[in-house]
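Okay, entry-v7.csv is below, CSV, C-alpha atoms:
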chain,number,residue,atom,x,y,z
A,4,MET,CA,47.0,10.1,-9.6
A,5,GLY,CA,49.5,9.1,-12.4
A,6,ALA,CA,49.4,5.4,-13.3
A,7,LEU,CA,47.3,4.4,-10.3
A,8,GLN,CA,44.4,2.2,-11.5
A,9,PHE,CA,41.5,0.6,-9.8
A,10,GLU,CA,38.1,-1.0,-10.5
A,11,SER,CA,35.1,0.3,-8.7
A,12,LYS,CA,33.2,-2.3,-6.6
A,13,LEU,CA,30.0,-0.3,-7.1
A,14,PRO,CA,30.4,1.0,-10.7
A,15,LYS,CA,26.6,1.7,-11.1
A,16,ASN,CA,26.3,3.7,-8.0
A,17,GLU,CA,25.9,7.5,-8.4
A,18,VAL,CA,25.4,10.2,-5.7
A,19,SER,CA,22.3,9.4,-3.7
A,20,ILE,CA,19.1,11.1,-4.8
A,21,PHE,CA,18.7,12.3,-1.2
A,22,THR,CA,22.0,14.1,-1.4
A,23,VAL,CA,21.2,15.6,-4.8
A,24,MET,CA,17.8,16.9,-3.7
A,25,SER,CA,18.9,18.2,-0.3
A,26,GLU,CA,21.9,20.0,-1.9
A,27,MET,CA,19.6,21.6,-4.4
A,28,ALA,CA,17.2,22.5,-1.7
A,29,THR,CA,20.0,24.3,0.2
A,30,GLN,CA,21.2,26.0,-2.9
A,31,HIS,CA,17.8,27.4,-3.7
A,32,GLN,CA,16.7,27.9,-0.1
A,33,ALA,CA,13.8,25.6,-0.8
A,34,ILE,CA,11.4,24.0,1.7
A,35,ASN,CA,12.8,20.6,2.2
A,36,LEU,CA,10.2,17.8,2.1
A,37,SER,CA,12.6,15.5,0.4
A,38,GLN,CA,14.9,13.8,2.9
A,39,GLY,CA,13.2,11.8,5.7
A,40,PHE,CA,13.9,13.7,8.8
A,41,PRO,CA,11.7,15.8,11.1
A,42,ASN,CA,12.3,19.5,11.4
A,43,PHE,CA,10.8,19.7,14.9
A,44,GLU,CA,12.7,19.1,18.2
A,45,THR,CA,13.3,15.8,20.0
A,46,ASP,CA,11.4,15.5,23.3
A,47,LYS,CA,13.1,17.7,26.0
A,48,LYS,CA,12.8,14.8,28.4
A,49,LEU,CA,14.9,12.5,26.2
A,50,LYS,CA,17.5,15.2,25.7
A,51,LYS,CA,17.7,15.7,29.4
A,52,LEU,CA,18.2,11.9,29.8
A,53,VAL,CA,21.2,12.1,27.4
A,54,ASN,CA,22.6,15.0,29.3
A,55,LYS,CA,22.1,13.1,32.6
A,56,ALA,CA,24.0,10.1,31.2
A,57,MET,CA,26.9,12.3,30.1
A,58,LYS,CA,27.1,13.9,33.5
A,59,ASN,CA,27.0,10.5,35.1
A,60,GLY,CA,30.1,9.5,33.2
A,61,TYR,CA,28.7,7.3,30.5
A,62,ASN,CA,31.1,8.7,27.9
A,63,GLN,CA,33.4,5.8,27.0
A,64,TYR,CA,32.9,2.7,25.0
A,65,PRO,CA,29.7,0.8,26.0
A,66,PRO,CA,29.4,-3.0,25.6
A,67,ALA,CA,29.9,-3.8,21.9
A,68,ASN,CA,26.4,-5.3,21.5
A,69,GLY,CA,24.7,-2.5,23.4
A,70,VAL,CA,23.9,-1.4,26.9
A,71,ILE,CA,22.1,-4.3,28.6
A,72,ALA,CA,19.4,-2.0,30.0
A,73,LEU,CA,18.5,-0.9,26.5
A,74,ARG,CA,18.5,-4.5,25.1
A,75,GLU,CA,16.2,-5.5,28.0
A,76,ALA,CA,13.9,-2.6,27.1
A,77,ILE,CA,13.8,-3.6,23.5
A,78,SER,CA,13.1,-7.2,24.5
A,79,HIS,CA,10.2,-6.0,26.7
A,80,LYS,CA,8.8,-3.8,24.0
A,81,ILE,CA,8.8,-6.6,21.3
A,82,GLU,CA,7.3,-9.1,23.7
A,83,ALA,CA,4.5,-6.7,24.7
A,84,LEU,CA,3.7,-5.8,21.2
A,85,HIS,CA,4.2,-9.1,19.3
A,86,ASP,CA,4.2,-11.8,22.0
A,87,THR,CA,7.7,-13.0,21.0
A,88,PHE,CA,10.7,-13.1,23.4
A,89,TYR,CA,14.2,-12.2,22.3
A,90,ASP,CA,17.0,-12.8,24.7
A,91,PRO,CA,18.7,-9.5,25.5
A,92,ILE,CA,22.0,-11.3,25.9
A,93,SER,CA,22.2,-13.3,22.7
A,94,GLU,CA,19.5,-12.1,20.3
A,95,ILE,CA,19.5,-8.2,20.3
A,96,THR,CA,22.3,-5.9,19.1
A,97,VAL,CA,22.3,-2.1,19.1
A,98,THR,CA,23.6,-0.7,15.9
A,99,SER,CA,24.7,2.7,14.4
A,100,GLY,CA,21.3,3.3,12.9
A,101,ALA,CA,19.2,0.7,11.1
A,102,THR,CA,21.4,1.1,8.0
A,103,GLU,CA,24.3,-0.6,9.9
A,104,ALA,CA,22.0,-3.3,11.0
A,105,LEU,CA,20.9,-3.9,7.4
A,106,TYR,CA,24.6,-3.9,6.2
A,107,CYS,CA,25.7,-6.3,8.9
A,108,ALA,CA,22.8,-8.7,8.2
A,109,ILE,CA,23.4,-8.8,4.5
A,110,THR,CA,27.2,-9.0,4.8
A,111,ALA,CA,27.0,-11.8,7.4
A,112,PHE,CA,25.0,-14.2,5.2
A,113,VAL,CA,25.3,-13.4,1.5
A,114,HIS,CA,28.1,-15.1,-0.3
A,115,PRO,CA,29.3,-14.8,-3.9
A,116,GLY,CA,26.6,-16.2,-6.2
A,117,ASP,CA,23.8,-16.1,-3.6
A,118,GLU,CA,20.6,-14.6,-4.8
A,119,VAL,CA,18.7,-12.0,-2.8
A,120,ILE,CA,15.1,-11.1,-3.7
A,121,VAL,CA,14.4,-7.3,-3.3
A,122,LEU,CA,11.0,-5.8,-3.7
A,123,LYS,CA,11.1,-2.6,-5.8
A,124,PRO,CA,10.8,0.3,-5.1
A,125,ALA,CA,13.4,-0.2,-2.5
A,126,TYR,CA,15.5,1.8,-0.1
A,127,ASP,CA,18.8,2.4,-1.8
A,128,THR,CA,21.2,0.6,0.5
A,129,TYR,CA,19.9,-2.9,0.0
A,130,GLU,CA,21.2,-3.6,-3.5
A,131,PRO,CA,24.7,-2.1,-3.2
A,132,THR,CA,25.3,-4.1,0.0
A,133,VAL,CA,24.3,-7.3,-1.7
A,134,GLU,CA,26.6,-6.5,-4.6
A,135,LEU,CA,29.5,-5.8,-2.3
A,136,SER,CA,29.1,-9.3,-0.9
A,137,GLY,CA,29.2,-10.8,-4.4
A,138,GLY,CA,25.5,-11.6,-4.3
A,139,LYS,CA,23.0,-11.3,-7.1
A,140,VAL,CA,20.0,-9.0,-6.7
A,141,VAL,CA,16.7,-10.5,-8.0
A,142,PRO,CA,14.4,-7.5,-8.2
A,143,ILE,CA,10.6,-7.8,-8.2
A,144,GLN,CA,8.7,-4.6,-9.0
A,145,LEU,CA,5.5,-4.0,-7.0
A,146,LYS,CA,2.6,-3.7,-9.5
A,147,GLY,CA,1.2,-0.4,-10.8
A,148,ALA,CA,0.9,3.0,-9.3
A,149,GLY,CA,-0.6,1.4,-6.2
A,150,TYR,CA,2.4,-0.9,-5.7
A,151,GLU,CA,0.6,-4.2,-5.2
A,152,LEU,CA,2.6,-7.3,-4.2
A,153,ASP,CA,2.2,-10.4,-6.4
A,154,TRP,CA,3.2,-13.3,-4.1
A,155,GLN,CA,3.1,-15.7,-7.1
A,156,GLU,CA,5.8,-13.7,-8.7
A,157,VAL,CA,7.9,-13.9,-5.5
A,158,GLU,CA,7.4,-17.7,-5.4
A,159,GLN,CA,8.5,-18.0,-9.0
A,160,ALA,CA,11.6,-16.0,-8.3
A,161,ILE,CA,12.9,-18.4,-5.7
A,162,THR,CA,15.6,-20.7,-6.8
A,163,SER,CA,18.1,-23.1,-5.2
A,164,ARG,CA,20.5,-20.1,-5.0
A,165,THR,CA,18.1,-17.8,-3.0
A,166,ARG,CA,19.7,-16.9,0.2
A,167,MET,CA,17.5,-14.0,1.5
A,168,ILE,CA,14.4,-12.0,0.9
A,169,ILE,CA,14.3,-8.4,1.9
A,170,ILE,CA,11.0,-6.8,2.9
A,171,ASN,CA,10.1,-3.3,4.3
A,172,THR,CA,7.0,-2.6,6.2
A,173,PRO,CA,5.7,0.1,6.6
A,174,HIS,CA,7.2,0.7,3.2
A,175,ASN,CA,9.5,3.5,2.1
A,176,PRO,CA,8.8,5.2,-0.3
A,177,THR,CA,5.2,4.1,-1.0
A,178,GLY,CA,3.7,4.2,2.5
A,179,LYS,CA,2.2,0.8,2.0
A,180,VAL,CA,1.8,-1.6,5.0
A,181,PHE,CA,2.0,-5.4,4.8
A,182,SER,CA,-1.2,-7.1,6.0
A,183,GLU,CA,-1.5,-10.1,8.2
A,184,GLU,CA,-2.4,-12.1,5.0
A,185,ASP,CA,0.8,-10.9,3.3
A,186,MET,CA,2.9,-12.2,6.2
A,187,LEU,CA,1.1,-15.5,6.4
A,188,LYS,CA,1.7,-16.0,2.6
A,189,LEU,CA,5.3,-15.2,3.1
A,190,GLU,CA,5.5,-17.5,6.1
A,191,LEU,CA,4.1,-20.4,4.0
A,192,LEU,CA,6.4,-19.5,1.1
A,193,LEU,CA,9.5,-19.8,3.3
A,194,LYS,CA,8.5,-22.8,5.3
A,195,ASP,CA,10.9,-25.7,5.0
A,196,THR,CA,13.5,-23.6,3.2
A,197,ALA,CA,16.9,-22.3,4.2
A,198,ILE,CA,16.0,-18.8,3.0
A,199,LEU,CA,16.6,-16.0,5.5
A,200,LEU,CA,14.2,-13.0,5.8
A,201,LEU,CA,15.6,-9.5,6.4
A,202,SER,CA,12.7,-7.3,7.6
A,203,ASP,CA,13.3,-3.6,7.6
A,204,GLU,CA,10.8,-2.2,10.1
A,205,VAL,CA,12.2,1.2,10.8
A,206,TYR,CA,8.8,2.9,10.6
A,207,GLU,CA,7.1,0.2,12.8
A,208,HIS,CA,5.4,2.8,15.1
A,209,LEU,CA,4.3,5.1,12.3
A,210,ILE,CA,1.1,3.4,11.0
A,211,PHE,CA,-2.3,4.9,10.5
A,212,ASP,CA,-6.1,4.4,10.2
A,213,GLU,CA,-6.2,1.7,12.9
A,214,LYS,CA,-3.9,-0.6,11.0
A,215,VAL,CA,-1.6,-2.9,13.0
A,216,HIS,CA,2.0,-3.4,12.3
A,217,GLN,CA,2.7,-7.0,11.2
A,218,SER,CA,6.2,-7.5,12.4
A,219,ALA,CA,8.1,-10.6,11.2
A,220,SER,CA,8.8,-11.3,14.8
A,221,LYS,CA,5.1,-11.9,15.4
A,222,PHE,CA,5.0,-15.0,13.1
A,223,PRO,CA,6.8,-18.0,14.5
A,224,ASN,CA,7.9,-19.6,11.2
A,225,LEU,CA,9.2,-16.2,10.1
A,226,ALA,CA,10.8,-15.2,13.4
A,227,GLU,CA,12.9,-18.4,13.3
A,228,ARG,CA,14.6,-17.2,10.1
A,229,ALA,CA,14.1,-13.4,10.4
A,230,ILE,CA,16.5,-10.5,11.1
A,231,VAL,CA,14.3,-7.5,12.1
A,232,CYS,CA,15.9,-4.1,11.9
A,233,ALA,CA,14.5,-1.0,13.6
A,234,SER,CA,15.4,2.6,14.3
A,235,PHE,CA,15.2,4.8,17.3
A,236,GLY,CA,16.1,7.8,15.2
A,237,LYS,CA,13.0,7.4,13.0
A,238,THR,CA,10.8,6.6,16.0
A,239,PHE,CA,11.9,9.4,18.3
A,240,HIS,CA,12.6,12.3,15.9
A,241,ASN,CA,16.4,12.3,16.2
A,242,THR,CA,17.8,10.7,13.0
A,243,GLY,CA,21.2,12.4,13.6
A,244,TRP,CA,21.7,10.3,16.7
A,245,LYS,CA,22.1,7.2,14.4
A,246,THR,CA,20.9,4.6,16.9
A,247,GLY,CA,19.1,1.5,15.8
A,248,TYR,CA,19.0,-2.2,16.5
A,249,CYS,CA,18.4,-5.6,15.1
A,250,VAL,CA,16.9,-8.8,16.6
A,251,ALA,CA,17.3,-12.4,15.4
A,252,PRO,CA,17.6,-15.9,16.7
A,253,ALA,CA,20.9,-16.5,18.6
A,254,GLU,CA,22.6,-18.5,15.8
A,255,LEU,CA,22.0,-15.8,13.3
A,256,MET,CA,22.9,-13.0,15.7
A,257,LYS,CA,26.2,-14.6,16.4
A,258,GLU,CA,27.2,-14.1,12.8
A,259,ILE,CA,25.8,-10.5,12.6
A,260,ARG,CA,27.8,-9.5,15.6
A,261,LYS,CA,31.0,-10.6,13.9
A,262,ILE,CA,30.4,-8.0,11.2
A,263,HIS,CA,29.1,-5.4,13.7
A,264,GLU,CA,32.4,-5.7,15.7
A,265,MET,CA,34.4,-5.0,12.6
A,266,THR,CA,32.3,-2.0,11.4
A,267,THR,CA,31.4,0.2,14.4
A,268,PHE,CA,32.2,-2.1,17.3
A,269,SER,CA,29.8,-0.1,19.6
A,270,VAL,CA,27.3,2.7,19.5
A,271,ASN,CA,27.1,6.1,21.3
A,272,HIS,CA,26.9,5.4,25.0
A,273,PRO,CA,24.9,8.3,26.6
A,274,MET,CA,22.2,8.0,24.0
A,275,GLN,CA,21.7,4.3,24.7
A,276,ARG,CA,21.4,5.1,28.4
A,277,ALA,CA,18.8,7.7,27.6
A,278,TYR,CA,16.8,5.5,25.3
A,279,SER,CA,16.7,2.7,28.0
A,280,GLU,CA,15.1,5.1,30.4
A,281,TYR,CA,12.8,6.7,27.9
A,282,LEU,CA,11.3,3.4,26.7
A,283,LYS,CA,10.0,2.7,30.2
A,284,ASP,CA,7.1,4.9,29.2
A,285,GLU,CA,5.3,3.0,26.5
A,286,ARG,CA,3.3,6.0,25.5
A,287,THR,CA,6.5,7.5,23.9
A,288,TYR,CA,5.9,5.1,21.0
A,289,LEU,CA,2.3,4.0,21.3
A,290,ASP,CA,1.1,7.6,20.8
A,291,LEU,CA,3.1,8.1,17.6
A,292,PRO,CA,0.5,6.8,15.1
A,293,ASN,CA,-2.0,9.4,16.2
A,294,PHE,CA,0.7,12.1,16.2
A,295,TYR,CA,1.8,11.4,12.6
A,296,GLN,CA,-1.7,10.7,11.3
A,297,GLN,CA,-2.6,14.2,12.3
A,298,LYS,CA,0.4,15.4,10.3
A,299,ARG,CA,-0.6,13.4,7.3
A,300,ASP,CA,-4.2,14.5,7.4
A,301,LEU,CA,-3.3,18.1,7.8
A,302,PHE,CA,-1.0,17.9,4.8
A,303,LEU,CA,-3.6,16.2,2.6
A,304,ASN,CA,-6.4,18.6,3.7
A,305,LEU,CA,-4.1,21.5,2.8
A,306,ILE,CA,-3.6,20.3,-0.7
A,307,LYS,CA,-7.2,19.0,-1.4
A,308,SER,CA,-7.7,21.9,-3.9
A,309,SER,CA,-4.5,21.1,-5.8
A,310,LYS,CA,-4.2,19.2,-9.0
A,311,PHE,CA,-2.3,16.4,-7.3
A,312,SER,CA,-4.0,13.0,-6.7
A,313,TYR,CA,-3.1,10.5,-4.0
A,314,THR,CA,-4.0,7.6,-1.8
A,315,PRO,CA,-3.4,8.4,1.9
A,316,SER,CA,-0.2,6.9,3.2
A,317,GLU,CA,-0.8,3.8,5.3
A,318,GLY,CA,2.4,4.2,7.3
A,319,THR,CA,5.9,5.9,7.5
A,320,TYR,CA,6.0,9.7,7.3
A,321,PHE,CA,5.9,9.9,3.6
A,322,GLN,CA,3.1,10.7,1.2
A,323,LEU,CA,3.1,10.0,-2.6
A,324,LEU,CA,1.5,12.6,-4.8
A,325,ASP,CA,0.6,11.9,-8.4
A,326,PHE,CA,1.3,14.9,-10.7
A,327,SER,CA,-0.1,13.5,-13.9
A,328,ALA,CA,-2.7,16.2,-14.2
A,329,ILE,CA,0.0,18.9,-14.0
A,330,THR,CA,2.7,17.7,-16.4
A,331,ARG,CA,3.9,14.7,-18.3
A,332,GLU,CA,7.6,15.4,-17.5
A,333,ARG,CA,9.6,12.6,-15.9
A,334,ASP,CA,9.4,12.7,-12.2
A,335,THR,CA,13.1,13.5,-11.9
A,336,GLU,CA,12.8,16.5,-14.1
A,337,PHE,CA,9.6,17.8,-12.4
A,338,ALA,CA,11.2,17.3,-9.0
A,339,LYS,CA,14.2,19.5,-10.0
A,340,ARG,CA,12.0,22.1,-11.5
A,341,LEU,CA,9.9,22.2,-8.4
A,342,ILE,CA,13.0,23.2,-6.5
A,343,THR,CA,14.5,25.7,-9.0
A,344,GLU,CA,11.2,27.4,-9.9
A,345,HIS,CA,9.0,26.9,-6.8
A,346,ASN,CA,11.5,26.4,-3.9
A,347,LEU,CA,10.0,23.1,-2.8
A,348,ALA,CA,12.0,19.8,-2.5
A,349,SER,CA,10.6,16.3,-2.9
A,350,ILE,CA,11.9,12.9,-4.0
A,351,PRO,CA,11.1,11.4,-7.4
A,352,VAL,CA,9.9,7.8,-6.9
A,353,SER,CA,11.2,6.4,-10.2
A,354,VAL,CA,14.8,6.3,-8.8
A,355,PHE,CA,13.7,3.4,-6.5
A,356,ASN,CA,11.8,1.5,-9.2
A,357,LEU,CA,13.0,-1.3,-11.5
A,358,ASP,CA,14.2,0.2,-14.8
A,359,GLN,CA,13.4,3.7,-13.4
A,360,LYS,CA,9.7,3.0,-13.9
A,361,ASP,CA,8.0,6.4,-13.8
A,362,HIS,CA,4.4,6.6,-12.4
A,363,HIS,CA,4.6,10.4,-12.3
A,364,GLN,CA,4.8,10.5,-8.5
A,365,LEU,CA,6.8,12.5,-6.0
A,366,ARG,CA,7.4,11.5,-2.4
A,367,PHE,CA,6.9,14.2,0.3
A,368,CYS,CA,8.0,14.0,3.9
A,369,PHE,CA,5.2,15.2,6.3
A,370,ALA,CA,7.3,14.9,9.5
A,371,LYS,CA,7.5,18.7,9.6
A,372,THR,CA,6.0,21.5,11.7
A,373,ASP,CA,2.5,22.6,10.8
A,374,GLU,CA,3.9,25.9,9.5
A,375,THR,CA,6.3,24.1,7.1
A,376,LEU,CA,3.5,21.9,5.8
A,377,GLU,CA,1.3,25.0,5.3
A,378,ARG,CA,4.0,26.8,3.3
A,379,ALA,CA,4.6,23.7,1.2
A,380,ALA,CA,0.9,23.2,0.5
A,381,GLU,CA,0.6,26.8,-0.7
A,382,ILE,CA,3.1,26.1,-3.3
A,383,LEU,CA,1.5,22.8,-4.3
A,384,CYS,CA,-1.9,24.4,-4.7
A,385,THR,CA,-0.5,27.0,-7.2
A,386,LEU,CA,0.8,24.3,-9.7
Would you write out, as structure tokens, the structure that this file holds?
Amino acid sequence: MGALQFESKLPKNEVSIFTVMSEMATQHQAINLSQGFPNFETDKKLKKLVNKAMKNGYNQYPPANGVIALREAISHKIEALHDTFYDPISEITVTSGATEALYCAITAFVHPGDEVIVLKPAYDTYEPTVELSGGKVVPIQLKGAGYELDWQEVEQAITSRTRMIIINTPHNPTGKVFSEEDMLKLELLLKDTAILLLSDEVYEHLIFDEKVHQSASKFPNLAERAIVCASFGKTFHNTGWKTGYCVAPAELMKEIRKIHEMTTFSVNHPMQRAYSEYLKDERTYLDLPNFYQQKRDLFLNLIKSSKFSYTPSEGTYFQLLDFSAITRERDTEFAKRLITEHNLASIPVSVFNLDQKDHHQLRFCFAKTDETLERAAEILCTL
């Protein structure tokens, strides 16, 4: 490139751990329990609805903020579940996956010098997006191998420069779920401040053992300052369709839409039409906790004779396994060896932690066919 010189805007960013592990899994023909996507089919009914929309001519640009029928369906779902009304016209935007919603929300409000509190371990797009906007990440590590949240530490981290707090419940990668008490503490903490809340709730319908999802939209003093991001791809087993949404009060959504218009402008039209029809049957999402809990329980039952230890995941479709009884290797090294020597892919948790804190845990995705889980468990039980 000759004399061409430039300065990276994300000098610390390397190739994503998801890319690394998935490429290794492909190279070694390993069972891939690393990246968070199901390996079973999307509901045939939903696929037929997409096909129907295509045949009916919905193949050009949809409205920039989303098909109104879908926004109305989202509004109805949230009101039914959390007793909060979002105006489909001014407070709901359909996005290219939840990642775009997160990007737009951060970019719209974080200015150079603003501080953003991020709870670690954290999904790996939060911090780079804050940095691209010139903001300063203020990381708070969840405590111990059980990832407990210290609200006093959160309170102490708040300064006059704090612009936003980012939370994720159910939580990736730990599977932890925020309690009502957690949300009430957060509500009290943010009361009478100008701090925004970005609530990543992409696994909102994947929650187990009779627990209830505590959405930020459910709590009035949080909802008034919250941007809630969600994902149809995670909910309905079609991550490749890249369709999500965010909801927020109108004055906040107005700014988010300015960024949305400059990034994707609009989202795939026939799939939005399909989702709007599919959501009319509330069982499509209300039955998911039982469906995925059966997957989790099957996986844990299959590995009960292994040397791994664990606490059953409270939500998401991820399960952490502690391998301390097997090896004292770093989790990154053990994860790679698990692929190269045993043909099984997982995700090392330390990559999401502050200072790469290593609790000797790997994250496994159990959104797989029973056959895949059985094959993976056979490997885990031999270690």
Query - Shell around region 351-355 of chain A at 9 Å using all atoms listed in the file, local window under 2 positions removed, as a ChimeraX atom specification - result: /A:20,37,123-127,176-177,323,333-338,349,357-366
Query raised in the report: CA of Phe239 (chain A) and CA of Ala83 (chain A) are how many Å apart?
Result: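 Between CA of Phe239 (chain A) and CA of Ala83 (chain A) the gap works out to 18.8 Å.
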**Report entry** Test item: residues at most 8 Å from region 214-227 of chain A, only C-alpha atoms, excluding those fewer than 4 positions along its chain, as a list in words
**Finding:**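 My list of contacting residues is His85, Asp86, Thr87, Thr172, Pro173, Val180, Phe181, Ser182, Glu183, Met186, Leu187, Glu190, Leu193, Lys194, Leu200, Ser202, Glu204, Glu207, His208, Ile210, Val231, Ala251, Pro252 and Glu317 of chain A.
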Requested in this report: Grab the CA of Glu82 (chain A) to CA of Pro292 (chain A) distance for me, in Å with one decimal place.
Outcome: 19.3 Å
Which residues of region 141-247 of chain A come within 8 Å of region 98-120 of chain A, and for each one, what is the closest pair of atoms and their distance in Å to one decimal, counting only C-alpha atoms, sorted by chain and residue number, as CSV?
residue,atom,partner,partner_atom,distance
A:Val141,CA,A:Ile120,CA,4.6
A:Pro142,CA,A:Ile120,CA,5.8
A:Ile143,CA,A:Ile120,CA,7.2
A:Val157,CA,A:Ile120,CA,7.9
A:Ala160,CA,A:Ile120,CA,7.6
A:Ile161,CA,A:Ile120,CA,7.9
A:Arg164,CA,A:Asp117,CA,5.4
A:Thr165,CA,A:Glu118,CA,4.4
A:Arg166,CA,A:Glu118,CA,5.6
A:Met167,CA,A:Val119,CA,4.9
A:Ile168,CA,A:Ile120,CA,4.7
A:Ile169,CA,A:Ile120,CA,6.3
A:Leu201,CA,A:Ala108,CA,7.5
A:Asp203,CA,A:Leu105,CA,7.6
A:Val205,CA,A:Ala101,CA,7.0
A:Ile230,CA,A:Ala108,CA,7.2
A:Cys232,CA,A:Ala101,CA,5.9
A:Ala233,CA,A:Ala101,CA,5.6
A:Ser234,CA,A:Ala101,CA,5.3
A:Phe235,CA,A:Gly100,CA,7.7
A:Gly236,CA,A:Gly100,CA,7.3
A:Trp244,CA,A:Gly100,CA,8.0
A:Lys245,CA,A:Gly100,CA,4.3
A:Thr246,CA,A:Gly100,CA,4.2
A:Gly247,CA,A:Gly100,CA,4.1
For the residues selected in the previous step, produce a file with C-alpha atoms as an mmCIF file, in the frame of the given file.
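So the final result, stored in result_10.cif, reads:
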data_model
loop_
_atom_site.group_PDB
_atom_site.id
_atom_site.type_symbol
_atom_site.label_atom_id
_atom_site.label_comp_id
_atom_site.auth_asym_id
_atom_site.auth_seq_id
_atom_site.Cartn_x
_atom_site.Cartn_y
_atom_site.Cartn_z
ATOM 1 C CA VAL A 141 16.700 -10.500 -8.000
ATOM 2 C CA PRO A 142 14.400 -7.500 -8.200
ATOM 3 C CA ILE A 143 10.600 -7.800 -8.200
ATOM 4 C CA VAL A 157 7.900 -13.900 -5.500
ATOM 5 C CA ALA A 160 11.600 -16.000 -8.300
ATOM 6 C CA ILE A 161 12.900 -18.400 -5.700
ATOM 7 C CA ARG A 164 20.500 -20.100 -5.000
ATOM 8 C CA THR A 165 18.100 -17.800 -3.000
ATOM 9 C CA ARG A 166 19.700 -16.900 0.200
ATOM 10 C CA MET A 167 17.500 -14.000 1.500
ATOM 11 C CA ILE A 168 14.400 -12.000 0.900
ATOM 12 C CA ILE A 169 14.300 -8.400 1.900
ATOM 13 C CA LEU A 201 15.600 -9.500 6.400
ATOM 14 C CA ASP A 203 13.300 -3.600 7.600
ATOM 15 C CA VAL A 205 12.200 1.200 10.800
ATOM 16 C CA ILE A 230 16.500 -10.500 11.100
ATOM 17 C CA CYS A 232 15.900 -4.100 11.900
ATOM 18 C CA ALA A 233 14.500 -1.000 13.600
ATOM 19 C CA SER A 234 15.400 2.600 14.300
ATOM 20 C CA PHE A 235 15.200 4.800 17.300
ATOM 21 C CA GLY A 236 16.100 7.800 15.200
ATOM 22 C CA TRP A 244 21.700 10.300 16.700
ATOM 23 C CA LYS A 245 22.100 7.200 14.400
ATOM 24 C CA THR A 246 20.900 4.600 16.900
ATOM 25 C CA GLY A 247 19.100 1.500 15.800
#
Within 10 Å of region 258-268 of chain A, which residues of region 27-85 of chain A show up? Give each one with its shortest atom-to-atom distance in Å (one decimal) and the two atoms involved, counting only C-alpha atoms, rows by chain then rising residue number, as CSV.
residue,atom,partner,partner_atom,distance
A:Tyr64,CA,A:Phe268,CA,9.1
A:Pro65,CA,A:Phe268,CA,9.5
A:Pro66,CA,A:Phe268,CA,8.8
A:Ala67,CA,A:Phe268,CA,5.4
A:Asn68,CA,A:Arg260,CA,7.4
A:Gly69,CA,A:Phe268,CA,9.7
Report task. With a distance cut-off of 12 Å and only C-alpha atoms, select the neighbouring residues of Leu291 (chain A), excluding the residue or stretch itself and same-chain residues fewer than 5 positions from it, and output the selection as a list in words. Result ->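 Result of the neighbour search: Tyr206, Glu207, His208, Leu209, Ile210, Phe211, Lys237, Thr238, Phe239, His240, Glu285, Arg286, Gln296, Gln297, Lys298, Gly318, Thr319, Tyr320 and Ala370 of chain A.
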